[in-house]
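I have placed the structure first, in the form of structure tokens, so that the comments after it can refer back to it.
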Amino acid sequence: MHGNGDNGSIRIGFYICHCGHNIGSVVDVHAVAEYVKTLHGVVLSQEYKYMCSDPGQELIQKDIQEQSLNRIIVASCSPLLHEHTFRSAVEKGGLNPYFFQMVNIRENVSWVHTDMQAATQKAKDLSRAAVQRVFHHKALETKHVKIHPDVLIVGGGIAGIHAALTLANAGKKVYLVEKDPTIGGHMAMFDKTFPTLDCAACILTPKMSQVKNHPNITLWTYSEVVKVEGYVGSYTIGVRRKPRYVNEALCVGCMDCIDKCIYKEGKTPDEFNAGLNKRKPIYIPFPQATPQLVVIDPKTCIEFKSGHCKKTCVDACDRKAIDFKQKEEIKEISVGTIILATGYQIFDAKRIPFYGYGKYPNVYTSLEVERLVNASGPTGGELILRDGQHPKTVGIIHCVGSRDKNTNRWCSRTCCMYSLKLAHLLKEHTDAEVYNFYIDIRAAGKSYEEFYDKLLDENVHFVRGRVAEVTDWAVRPSEEGKLIIRAEDTLIGVVRRVPVDMVVLAVGMEPQADAQDIRRLFNISCSTEGFFLERHPKLAPVDTFTDGIFIAGACQGPKDIPDSVAQAGAAAAQALTLIDTGEIELEPNTVFVVQEECSGCRTCLTMCPYNAISRDEVKQKAIINEALCKGCGTCVAACPSGALKQNLFEDEMIFSEIDGLLTMEQEACC
Amino acid sequence: MKYLYFPGCSLRSTGRAYEESLLAVLKALEIPIEELDDWNCCGATSYASIDETDAFALAARNLALAELQSPDETVNLIAPCSACFLVLMKTERYLEDYPDVSKKINTTLDKVGLHYHGRVDVRHPLDVFVNDYGLENIAKRVKHPLKGLKVASYYGCQVVRPFKTFDHSHYPVTMDRLVQALGGEPVDWPLKTRCCGGSLTGTIQEAGLRLNRLLLKEAEKRGADIMLTCCPLCQHNLECYQQRINRIYEEEIDLPIAFFTQLMGVALGLSEKELGMQRLFKKPSLSHITHPKGAVVNAW
Amino acid sequence: MPEKPKVALYWCASCGGCEESVVDLAEGILDVVAAVDIVLWPVAMDFKKKDVEAMADDSILVSLINGAVRTSEQEEMAKLLRKKSKLVIAYGSCAHLGGIPGLANQFQREEILKYVYEDSPSTVNPGNVRPELKVGTNGATVTLPSFFHTVRALNQVIDVDYYIPGCPPTPQLLKQALETLLSGTLPEHGAVLAPDIALCDECPKKETKPSDLKFAEFKRPHWTQIDPDVCLLAQGIICMGPATRSGCGGQCISGNMPCTGCFGPTSHAKDQGAKILSALASQIEAKDEKEIDKTLTTIPDPVGTFYRYALPTSLLRKKVF
Amino acid sequence: MEKNIMVSNGQNESTTQGWEPRIIAFFCNWCTYTAADLAGVSRLRYAPNARIIRVMCSGRIDPQFILDAFAKGADGVLVGGCHPGDCHYMEGNYKALRRMQLLKRMLKDMGIEAKRFRLEWISASEGERVKTVMNEMTESLRALGPLGLPKKFEEWDREIGILEEEVLGKEEAVHA
């Protein structure tokens with residue numbers, strides 16, 4: 001069907017949207033509508049307050065029927081936002097949705113320009129281009145692809161865990177891939193959680209073991225995704241399973257081997273305890289590690305370094321689980337959707353030298369303190385400083401590596417609250433004087449402010465001011481041997497020197513070091529600061545620009561536990577929607593070959609990264625496999641004789657846009 | 001590429017030792033420089049406080065001259081004095097960032113047949129030595145390692161602030177790394193960039209002296225044998241007022257204050273004359289370094 | 001006997017090859033002569049402009065005009081023939097696309113005149129004399145045509161009904177064309193009387209081209225020993241075939257020389273040069289900018305290579321000065 | 001007459017009055033077009049001289065489009081794609097890069113100033129970059145003046161059908 005009226009006439013309906021004041025205040029909407037009326041093929045041209053509203057959409061449907069329109073143009077916001085909305089409106093009106101064209105006069109015009117005359121001219125030009133373009137539009141079939149019901153979840157922190165359980169409980173098969181030897185992520189390292197002060201382990205470990213034991217969850221720890229191929233509905237994933245040198249099937253996590261290791265004492269900083277103590281080359285990250293499996297760290301194990309170890313561990317294991325020969329293996333799986341929950345890393349406090357981290361032993365990061373006050377931590381929960389003291393006074397410095405042009409500009413959102421929590425715990429453990437140095441207290445969350453009040457009652461001191469430096473430079477006898485925190489107390493307008501025994505740096509949250517690699521691997525985008533970019537900040541917060549890939553938790557931006565869990569649920573729901581629909585609509589912007597125009601020169605064959613183009617050796621012409629074609633159009637641009645065409649982006653359409661944009665009345669230039 | 005050199009007034013008066021040692025060291029390291037022809041006062045901090053635009057114009061003239069004198073794509077202009085360094089750089093950045101300012105300044109410059117196109121990069125000698133020439137290369141040329149010499153590096157307020165330049169604005173380490181490369185022992189002290197009182201020593205002396213006292217005492221407390229500066233005014237303040245400070249506050253501070261280039265020169269084996277050592281009130285005793293055998297000759 | 005249909009042949013800015021190609025009909029020319037009445041053919045017959053002027057408008061069935069339009073005379077004759085003919089055929093690359101003479105659109109008129117009359121090595125012209133457009137000799141004034149700034153294809157001067165491409169067109173094409181016209185069943189106005197598909201379609205070496213061709217460098221024919229049995233592109237030699245209309249029977253290719261594009265683009269492409277540029281560049285091996293440029297330096301003259309025949313009818317038409 | 005026929009460098013007074021550069025920008029859907037949207041959402045203000053045409057990938061951009069834009073009256077053409085290695089379709093931007101490198105050389109040979117054609121890699125997060133590039137390009141084109149090919153085509157064609165006398169007059173002028 002060419003979709004044109006009787007005697008093939010083109011009948012265009014043009015609608016321009018005020019978008020409240022968003023467009024109307026900068027673009028003379030009325031003038032544009034009037035102008036478009038004068039263009040060839042335009043039957044109807046009108047303005048409307050909110051085109052995306054129901055009445056707006058119904059307007060289109062009504063006009064299609066009453067005025068037998070066969071081309072629809074809406075000038076409003078970005079097609080990335082509402083193209084789908086209007087296409088379906090057009091379809092409801094009984095017209096093929098691809099006779100629709102959108103003109104972006106908000107993001108591309110009214111929001112970026114101030115000069116009304118110039119903006120209006122630009123809107124006219126863009127509209128004229130669209131009018132000329134739609135003449136070449138054709139009716140197209142929307143493509144559908146099946147959705148493979150299995151889901152890949154990357155990252156075994158609280159977000160990944162929650163998403164995995166949600167999907168698994170809904171009966172979907174889930175692969176949970178975690179790069180560390182255990183799941184649990186940062187949350188497992190925390191002592192208590194704000195504002196409820198329930199212990200992190202108590203609420204997390206049950207979920208961890210559920211994951212381990214869930215029939216629908218395949219848990220691969222100590223593993224990394226190395227290959228991502230395919231597209232929404234059918235992804236092929238390659239997972240590298242790093243060797244633990246311990247046979248998972250045999251190990252029961254009795255830890256005898258660890259006791260028997262020829263290293264009597266640990267030698268390597270213990271990752272789980274933020275390096276506050278040492279672990280052996282053969283270890284279990286922490287008592288509730290899931291899975292309960294021993295790992296051997298080849299970097300420090302004598303056997304791997306010299307090959308001359310007594311291998312006491314091997315003898316210690318009566319189940320013969322230890323296997324130095326173990327090799328990494330690559331598993332290949334097929335999934336339809338992917339959830340990335342790769343989390344965050346903490347800000348490296350060394351980047352702010354004048355806070356003295358790494359220079360003064362008694363300066364700690366918040367994460368270290370979490371372990372320090374934790375019963376299962378290196379000191380069994382007793383607050384002993386690196387120099388053996390028990391602190392009488394503690395200073396907590398907020399916004400370390402947050403809200404700071406020199407490091408990270410964003411607010412890490414969690415530091416205020418966990419600082420309050422730590423203040424409470426420190427008092428509880430030591431009844432020391434605790435000072436909080438803050439810029440603002442951001443306690444925006446359910447019963448967060450109340451927690452802040454509680455802390456005020458606990459006589460924790462709050463100094464409103466950004467700390468200038470932490471120094472051991474004593475100017476008064478009272479300061480000798482202490483760390484002095486210098487900050488301007490902006491509430492009383494004086495610079496204060498507060499001598500303390502212990503400094504806690506409330507370090508901010510940053511994108512994972514490998515966020516960029518992950519982004520490339522999964523073909524999604526990052527926002528400026530390096531966190532994964534959501535499809536829309538408000539309306540599609542867990543979607544990405546790549547269909548079938550969703551994001552959850554702190555990999556999308558700093559988040560506390562409740563938010564991460566909520567987002568994980570949302571991501572799981574999005575994946576479920578796809579799976580249960582069973583198929584997804586794809587843009588029909590695929591490429592096709594006009595057989596009688598193709599000379600079989602093979603140029604296009606070298607263009608396609610998806611092998612969607614092959615050659616009919618009998619006819620000696622190119623043929624396109626629509627299912628594989630992703631619609632980039634690279635081959636079309638390369639076809640030397642113009643025999644390839646891309647639906648929705650045919651040469652004629654683009655030439656007519658160019659023509660429309662430029663054939664303006666000379667005098668009315670921009 | 002060759003460096004242009006902007007001496008500034010201090011290096012021709014109170015800071016002569018700085019210029020002498022700087023030039024000697026540059027020569028020893030075979031770093032080619034050329035003095036900026038017809039340079040004029042940078043305006044220091046005082047002019048800007050009276051009329052900023054005029055001050056910019058004054059400094060900008062030097063930048064324009066530099067462009068005339070050098071064909072390089074980016075003209076490296078060395079300004080050893082902290083004040084000159086800061087003022088010239090500040091001017092350069094303002095002209096770059098604020099078209100209206102540069103328009104105004106350039107119309108002024110045009111009147112005397114000059115124009116600034118934005119090609120100048122104002123450099124500090126520390127930056128040039130450490131980041132262009134390289135610590136390894138310096139270490140290679142060290143004749144007398146400053147063995148066992150405890151050095152407090154003092155940067156003063158202007159070289160790393162307010163602009164982020166070649167080092168951390170709160171905790172610079174360039175001079176300390178240099179000292180290390182020369183075989184010396186940097187003392188870690190937290191007052192590296194604290195105020196030396198600047199011109200206060202001449203105006204509200206009490207305040208000025210108090211500030212100097214803090215610096216000197218802490219440096220001594222941290223076991224420094226000598227304090228190095230890269231600013232003529234700092235050097236002057238810290239050195240010349242020690243006796244008065246001792247008198248007023250009943251202290252016994254006795255700390256040599258030298259320009260970092262002087263100690264560089266010593267390590268590179270240059271003579272005290274070349275390095276203007278004789279101009280220091282408190283001569284550091286370095287004979288054990290320059291004559292490790294403990295030879296009879298007293299270096300000073 | 002009924003009057004035979006009249007045919008005119010005229011040459012503008014061209015080399016004469018097109019005239020040759022008519023003669024290449026060999027004995028076939030006799031059938032033509034038998035079928036039609038040639039009323040103008042400067043190269044072969046003694047008719048003058050005034051004879052044509054004397055004819056009634058539309059009295060010529062078809063004029064075959066070859067050569068590009070560079071002088072006022074060519075313009076004048078083209079317009080005259082248009083007036084007198086029912087049909088005008090742009091015959092050969094020059095009339096069709098601008099042709100080799102069209103490459104002169106890379107230079108300014110004055111540059112050309114200066115070179116030709118003063119600087120060229122073969123010029124002996126002490127007084128740097130240039131031809132006068134108007135010379136008065138005893139009362140009479142002799143005039144010469146003026147030399148335009150721009151070279152044009154025929155359709156940029158007059159309306160053209162059909163095009164016969166080629167440098168020169170093959171006798172077969174001419175024969176077919178005449179037969180169709182005489183048969184009275186006319187193709188649509190503006191048609192190019194050759195297949196609308198790229199040359200590879202009829203290329204004898206077609207099947208020897210690999211499907212994963214990548215260019216590390218481009219070779220020029222005289223730089224290399226050409227393998228007669230393998231696709232020239234596969235040998236790194238720039239062949240315009242993929243972007244050029246077929247119909248020539250791949251003569252150059254069979255002669256072991258690359259296609260230089262004389263048949264012009266297919267009707268699905270706007271700009272032959274841009275198209276082959278896109279196709280070839282896309283297949284360059286290098287990924288990094290410097291490497292890519294290195295490969296590209298092996299194309300010494302992109303415009304001359306990609307627009308050898310079609311510069312005046314390309315999107316940009318002429319170098320901007 | 002000579003003047004009119006001689007092709008101007010586009011700088012002649014008649015064209016520059018109240019003239020504003022016209023830029024056609026071809027942006028890829030996934031990176032640069034998204035970045036332009038971001039610029040909008042962030043309310044960054046930039047010069048209104050560019051008109052964006054959205055394609056799925058910079059690899060879709062046919063050199064014909066760029067030439068056509070110039071021929072139809074664009075003073076500059078801007079092509080925007082994902083950073084190398086970041087293409088949503090894996091390699092499209094590399095294909096684009098290769099074509100554009102060759103196209104640049106050809107444009108140079110055809111007398112079109114390098115500054116009139118610009119290839120930029122702008123990722124979805126670089127809204128600021130969109131603003132900068134738009135402004136920079138508008139400024140450099142303003143400095144260059146109009147390209148105005150359609151006008152030039154008219155000028156070039158004016159010589160068709162001018163009277164012999166004028167030609168003669170001109171020809172004499174050349175010799176004098």
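Within each chain, counting starts at residue 1; across the structure tokens, chains are named A, B, ... in the order shown, with ligands numbered 1 upward in that order.
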
Quick one: which chain A residues come within 12 Å of chain C, and what is the nearest atom pair for each with the distance in Å to one decimal, counting only C-alpha atoms, rows ordered by chain and ascending number, as CSV?
residue,atom,partner,partner_atom,distance
A:Val594,CA,C:His268,CA,10.5
A:Gln595,CA,C:Ile197,CA,10.1
A:Glu596,CA,C:Ile197,CA,7.5
A:Glu597,CA,C:Ile197,CA,5.3
A:Cys598,CA,C:Ile197,CA,6.7
A:Ser599,CA,C:Asp201,CA,4.3
A:Gly600,CA,C:Asp201,CA,6.4
A:Cys601,CA,C:Cys200,CA,5.8
A:Arg602,CA,C:Ser211,CA,5.9
A:Thr603,CA,C:Ala279,CA,6.6
A:Cys604,CA,C:Ala279,CA,8.3
A:Leu605,CA,C:Ser211,CA,6.1
A:Thr606,CA,C:Asp212,CA,5.3
A:Met607,CA,C:Ser282,CA,7.4
A:Cys608,CA,C:Asp212,CA,10.6
A:Pro609,CA,C:Asp212,CA,11.7
A:Asn611,CA,C:Asp212,CA,11.3
A:Ile613,CA,C:Ser211,CA,10.5
A:Ser614,CA,C:Ser211,CA,9.0
A:Arg615,CA,C:Ser211,CA,8.8
A:Asp616,CA,C:Glu207,CA,11.9
A:Glu617,CA,C:Glu207,CA,9.1
A:Val618,CA,C:Glu207,CA,11.1
A:Lys619,CA,C:Asp201,CA,10.3
A:Gln620,CA,C:Asp201,CA,8.4
A:Lys621,CA,C:Asp201,CA,8.9
A:Ala622,CA,C:Ser211,CA,10.7
A:Thr634,CA,C:Ser282,CA,8.9
A:Cys635,CA,C:Ala279,CA,8.8
A:Val636,CA,C:Ala279,CA,9.7
A:Ala637,CA,C:Ser278,CA,6.9
A:Ala638,CA,C:Ala279,CA,4.4
A:Cys639,CA,C:Ala279,CA,6.1
A:Pro640,CA,C:Ala243,CA,4.6
A:Ser641,CA,C:Ala243,CA,5.0
A:Gly642,CA,C:His268,CA,5.0
A:Ala643,CA,C:His268,CA,7.0
A:Leu644,CA,C:His268,CA,9.6
A:Lys645,CA,C:His268,CA,10.2
A:Glu650,CA,C:His268,CA,11.3
A:Asp651,CA,C:Ala269,CA,9.2
A:Glu652,CA,C:His268,CA,9.8
A:Phe655,CA,C:Lys270,CA,10.1

Contacts of Cys196 (chain B) at 9 Å (only C-alpha atoms; same-chain gap of 3+ positions) as a list in words: Gly156, Cys157, Thr193, Ser199, Leu200, Thr201, Gly208, Leu209, Leu211, Asn212, Arg213, Leu214, Leu215, Leu233, Cys234, Asn237 and Leu238 of chain B

Residues from last step as file, C-alpha atoms, as a compact mmCIF listing (two decimals), in the first residue's frame:
# COMPACT_ATOMS: atom_id res chain seq x y z
CA GLY B 156 54.72 30.31 49.77
CA CYS B 157 51.23 31.27 48.81
CA THR B 193 52.11 27.03 51.50
CA SER B 199 54.57 42.90 52.86
CA LEU B 200 53.14 42.87 56.38
CA THR B 201 56.67 42.69 57.75
CA GLY B 208 54.19 39.67 59.76
CA LEU B 209 56.69 38.52 62.37
CA LEU B 211 53.50 34.46 60.80
CA ASN B 212 57.21 34.07 60.06
CA ARG B 213 57.82 32.76 63.54
CA LEU B 214 55.27 29.97 63.04
CA LEU B 215 56.96 28.86 59.87
CA LEU B 233 59.94 38.08 49.31
CA CYS B 234 59.50 34.90 51.34
CA ASN B 237 61.06 37.80 55.29
CA LEU B 238 62.15 34.47 56.66

Apply DSSP to the backbone of this structure and, from region 71-150 of chain B, keep only the residues in strand (DSSP E); write these as a ChimeraX atom specification. /B:75-78,120-123,150

Counting only C-alpha atoms, give me one row per residue of chain D with an atom at most 6 Å from an atom of chain C, showing the shortest contact pair and its distance in Å to one decimal, sorted by chain then residue number, as a tab-separated table.
residue	atom	partner	partner_atom	distance
D:Asn9	CA	C:Phe321	CA	5.8
D:Pro63	CA	C:Ala274	CA	5.5
D:Gln64	CA	C:Ala274	CA	5.5
D:Ala71	CA	C:Leu316	CA	5.9
D:Lys95	CA	C:Ser282	CA	4.9
D:Arg98	CA	C:Ala281	CA	5.4
D:Arg99	CA	C:Ala281	CA	5.0
D:Met110	CA	C:Lys319	CA	4.3
D:Gly111	CA	C:Val320	CA	4.7

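Using only C-alpha atoms, we find that the part of chain A lying within 12 Å of chain B comprises Lys350, Arg351, Ile352, Pro353, Phe354, Tyr355, Gly356, Lys359, Tyr360, Lys405, Asn406, Ala468, Glu469, Val470, Thr471, Asp472, Trp473, Ala474, Val475, Arg476, Leu483 and Ile484 of chain A.
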
Convert the current residue selection to file output with N, CA, C and O atoms, as a PDB file, in the first residue's frame.
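Ended up saving to out-v6.pdb:
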ATOM      1  N   LYS A 350      43.438   9.266  49.337  1.00  0.00           N
ATOM      2  CA  LYS A 350      44.806   9.781  49.116  1.00  0.00           C
ATOM      3  C   LYS A 350      44.802  10.939  48.132  1.00  0.00           C
ATOM      4  O   LYS A 350      45.732  11.739  48.085  1.00  0.00           O
ATOM      5  N   ARG A 351      43.726  11.036  47.359  1.00  0.00           N
ATOM      6  CA  ARG A 351      43.674  12.115  46.362  1.00  0.00           C
ATOM      7  C   ARG A 351      43.540  13.486  47.009  1.00  0.00           C
ATOM      8  O   ARG A 351      43.693  14.513  46.338  1.00  0.00           O
ATOM      9  N   ILE A 352      43.220  13.508  48.302  1.00  0.00           N
ATOM     10  CA  ILE A 352      43.177  14.800  48.998  1.00  0.00           C
ATOM     11  C   ILE A 352      44.261  14.793  50.069  1.00  0.00           C
ATOM     12  O   ILE A 352      43.999  14.517  51.241  1.00  0.00           O
ATOM     13  N   PRO A 353      45.502  15.089  49.681  1.00  0.00           N
ATOM     14  CA  PRO A 353      46.648  14.902  50.581  1.00  0.00           C
ATOM     15  C   PRO A 353      46.513  15.657  51.895  1.00  0.00           C
ATOM     16  O   PRO A 353      46.951  15.171  52.940  1.00  0.00           O
ATOM     17  N   PHE A 354      45.852  16.804  51.851  1.00  0.00           N
ATOM     18  CA  PHE A 354      45.832  17.602  53.094  1.00  0.00           C
ATOM     19  C   PHE A 354      44.850  17.059  54.113  1.00  0.00           C
ATOM     20  O   PHE A 354      44.681  17.632  55.178  1.00  0.00           O
ATOM     21  N   TYR A 355      44.196  15.941  53.840  1.00  0.00           N
ATOM     22  CA  TYR A 355      43.412  15.273  54.876  1.00  0.00           C
ATOM     23  C   TYR A 355      44.229  14.152  55.509  1.00  0.00           C
ATOM     24  O   TYR A 355      43.774  13.464  56.412  1.00  0.00           O
ATOM     25  N   GLY A 356      45.439  13.948  54.964  1.00  0.00           N
ATOM     26  CA  GLY A 356      46.421  13.107  55.650  1.00  0.00           C
ATOM     27  C   GLY A 356      46.176  11.615  55.620  1.00  0.00           C
ATOM     28  O   GLY A 356      46.831  10.871  56.365  1.00  0.00           O
ATOM     29  N   LYS A 359      49.056   9.101  55.497  1.00  0.00           N
ATOM     30  CA  LYS A 359      50.217   9.795  56.064  1.00  0.00           C
ATOM     31  C   LYS A 359      50.146   9.707  57.588  1.00  0.00           C
ATOM     32  O   LYS A 359      51.115   9.336  58.246  1.00  0.00           O
ATOM     33  N   TYR A 360      48.979  10.009  58.125  1.00  0.00           N
ATOM     34  CA  TYR A 360      48.768   9.883  59.565  1.00  0.00           C
ATOM     35  C   TYR A 360      47.999   8.586  59.833  1.00  0.00           C
ATOM     36  O   TYR A 360      46.890   8.406  59.312  1.00  0.00           O
ATOM     37  N   LYS A 405      34.790  20.522  43.248  1.00  0.00           N
ATOM     38  CA  LYS A 405      35.219  20.670  41.849  1.00  0.00           C
ATOM     39  C   LYS A 405      36.549  19.969  41.600  1.00  0.00           C
ATOM     40  O   LYS A 405      36.807  19.480  40.499  1.00  0.00           O
ATOM     41  N   ASN A 406      37.405  19.932  42.632  1.00  0.00           N
ATOM     42  CA  ASN A 406      38.735  19.362  42.420  1.00  0.00           C
ATOM     43  C   ASN A 406      38.717  17.841  42.327  1.00  0.00           C
ATOM     44  O   ASN A 406      39.652  17.236  41.821  1.00  0.00           O
ATOM     45  N   ALA A 468      39.605  22.443  56.171  1.00  0.00           N
ATOM     46  CA  ALA A 468      40.726  22.938  55.359  1.00  0.00           C
ATOM     47  C   ALA A 468      41.853  21.923  55.346  1.00  0.00           C
ATOM     48  O   ALA A 468      42.436  21.639  54.314  1.00  0.00           O
ATOM     49  N   GLU A 469      42.147  21.378  56.521  1.00  0.00           N
ATOM     50  CA  GLU A 469      43.235  20.402  56.552  1.00  0.00           C
ATOM     51  C   GLU A 469      43.207  19.592  57.839  1.00  0.00           C
ATOM     52  O   GLU A 469      42.608  19.988  58.829  1.00  0.00           O
ATOM     53  N   VAL A 470      43.841  18.444  57.771  1.00  0.00           N
ATOM     54  CA  VAL A 470      44.111  17.641  58.950  1.00  0.00           C
ATOM     55  C   VAL A 470      45.629  17.653  59.104  1.00  0.00           C
ATOM     56  O   VAL A 470      46.340  17.345  58.150  1.00  0.00           O
ATOM     57  N   THR A 471      46.109  18.089  60.267  1.00  0.00           N
ATOM     58  CA  THR A 471      47.554  18.228  60.413  1.00  0.00           C
ATOM     59  C   THR A 471      48.018  17.772  61.793  1.00  0.00           C
ATOM     60  O   THR A 471      47.217  17.711  62.730  1.00  0.00           O
ATOM     61  N   ASP A 472      49.292  17.451  61.879  1.00  0.00           N
ATOM     62  CA  ASP A 472      49.859  17.130  63.205  1.00  0.00           C
ATOM     63  C   ASP A 472      50.655  18.326  63.707  1.00  0.00           C
ATOM     64  O   ASP A 472      51.470  18.225  64.609  1.00  0.00           O
ATOM     65  N   TRP A 473      50.450  19.467  63.070  1.00  0.00           N
ATOM     66  CA  TRP A 473      51.183  20.679  63.457  1.00  0.00           C
ATOM     67  C   TRP A 473      50.516  21.311  64.681  1.00  0.00           C
ATOM     68  O   TRP A 473      49.455  21.896  64.575  1.00  0.00           O
ATOM     69  N   ALA A 474      51.135  21.108  65.821  1.00  0.00           N
ATOM     70  CA  ALA A 474      50.556  21.594  67.071  1.00  0.00           C
ATOM     71  C   ALA A 474      51.022  23.018  67.346  1.00  0.00           C
ATOM     72  O   ALA A 474      52.211  23.296  67.294  1.00  0.00           O
ATOM     73  N   VAL A 475      50.091  23.909  67.598  1.00  0.00           N
ATOM     74  CA  VAL A 475      50.504  25.266  67.987  1.00  0.00           C
ATOM     75  C   VAL A 475      50.248  25.505  69.464  1.00  0.00           C
ATOM     76  O   VAL A 475      50.776  26.439  70.046  1.00  0.00           O
ATOM     77  N   ARG A 476      49.425  24.655  70.065  1.00  0.00           N
ATOM     78  CA  ARG A 476      49.209  24.778  71.509  1.00  0.00           C
ATOM     79  C   ARG A 476      49.630  23.471  72.163  1.00  0.00           C
ATOM     80  O   ARG A 476      49.553  22.408  71.538  1.00  0.00           O
ATOM     81  N   LEU A 483      45.858  14.850  66.171  1.00  0.00           N
ATOM     82  CA  LEU A 483      45.581  15.343  64.821  1.00  0.00           C
ATOM     83  C   LEU A 483      44.680  16.559  64.968  1.00  0.00           C
ATOM     84  O   LEU A 483      43.714  16.530  65.726  1.00  0.00           O
ATOM     85  N   ILE A 484      45.054  17.626  64.281  1.00  0.00           N
ATOM     86  CA  ILE A 484      44.247  18.836  64.408  1.00  0.00           C
ATOM     87  C   ILE A 484      43.424  19.025  63.140  1.00  0.00           C
ATOM     88  O   ILE A 484      43.975  18.999  62.027  1.00  0.00           O
TER      89      ILE A 484
END

Skipping near chain neighbours, those fewer than 3 positions away, what residues fall within 9 Å of Lys143 (chain B) using only C-alpha atoms, listed as a PyMOL selection string? chain B and resi 139-140+266-269+290

Keeping only N, CA, C and O atoms, write the selected residues as an mmCIF file, in the first residue's frame.
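Produced file part_27.cif, reproduced below:
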data_model
loop_
_atom_site.group_PDB
_atom_site.id
_atom_site.type_symbol
_atom_site.label_atom_id
_atom_site.label_comp_id
_atom_site.auth_asym_id
_atom_site.auth_seq_id
_atom_site.Cartn_x
_atom_site.Cartn_y
_atom_site.Cartn_z
ATOM 1 N N ALA B 139 69.320 14.277 38.440
ATOM 2 C CA ALA B 139 70.065 13.356 39.314
ATOM 3 C C ALA B 139 71.371 12.935 38.649
ATOM 4 O O ALA B 139 72.424 12.871 39.289
ATOM 5 N N LYS B 140 71.291 12.687 37.327
ATOM 6 C CA LYS B 140 72.501 12.266 36.612
ATOM 7 C C LYS B 140 73.636 13.256 36.776
ATOM 8 O O LYS B 140 74.807 12.893 36.822
ATOM 9 N N VAL B 266 74.732 23.900 44.406
ATOM 10 C CA VAL B 266 75.702 23.219 45.258
ATOM 11 C C VAL B 266 75.800 21.746 44.851
ATOM 12 O O VAL B 266 76.871 21.220 44.603
ATOM 13 N N ALA B 267 74.630 21.114 44.698
ATOM 14 C CA ALA B 267 74.626 19.695 44.340
ATOM 15 C C ALA B 267 75.252 19.483 42.968
ATOM 16 O O ALA B 267 75.929 18.491 42.729
ATOM 17 N N LEU B 268 75.042 20.433 42.083
ATOM 18 C CA LEU B 268 75.596 20.299 40.722
ATOM 19 C C LEU B 268 77.074 20.667 40.682
ATOM 20 O O LEU B 268 77.709 20.630 39.637
ATOM 21 N N GLY B 269 77.595 21.108 41.850
ATOM 22 C CA GLY B 269 79.025 21.370 41.945
ATOM 23 C C GLY B 269 79.435 22.752 41.475
ATOM 24 O O GLY B 269 80.584 22.980 41.089
ATOM 25 N N THR B 290 80.118 19.582 50.134
ATOM 26 C CA THR B 290 80.976 19.965 49.010
ATOM 27 C C THR B 290 82.367 19.353 49.142
ATOM 28 O O THR B 290 83.061 19.129 48.171
#

Quick one: everything within 7 Å of Glu120 (chain D), counting only C-alpha atoms, minus sequence neighbours fewer than 6 positions away in the same chain. Send it as a ChimeraX atom specification. /D:79-81

Of the residues B:Asp132, B:Gly202, B:Lys90, B:Val187, which is the one nearest to Val159 (chain B), using only C-alpha atoms? B:Lys90

Non-local contacts of region 145-161 of chain A (6 Å; only C-alpha atoms; under 2 positions in same chain excluded) as a VMD selection string: chain A and resid 163 to 164 173 to 178 183 to 185 233 to 234 335 to 342 553 564 to 565 568 579 582 to 584

I'd like the contact shell of Pro97 (chain A) - 7 Å cut-off, only C-alpha atoms, skipping same-chain residues fewer than 4 positions apart - returned as a list in words. Arg87, Ser88, Val90 and Glu91 of chain A

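Among C:Leu311, C:Leu40, C:Leu103, C:Ile164, the residue with the shortest atom-to-atom distance to Trp11 (chain C), counting only C-alpha atoms, is C:Leu40.
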
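For region 162-195 of chain C, the set of residues given alpha helix (DSSP H) by DSSP on the backbone reads Pro171, Gln172, Leu173, Leu174, Lys175, Gln176, Ala177, Leu178, Glu179, Thr180, Leu181, Leu182 and Ser183 of chain C.
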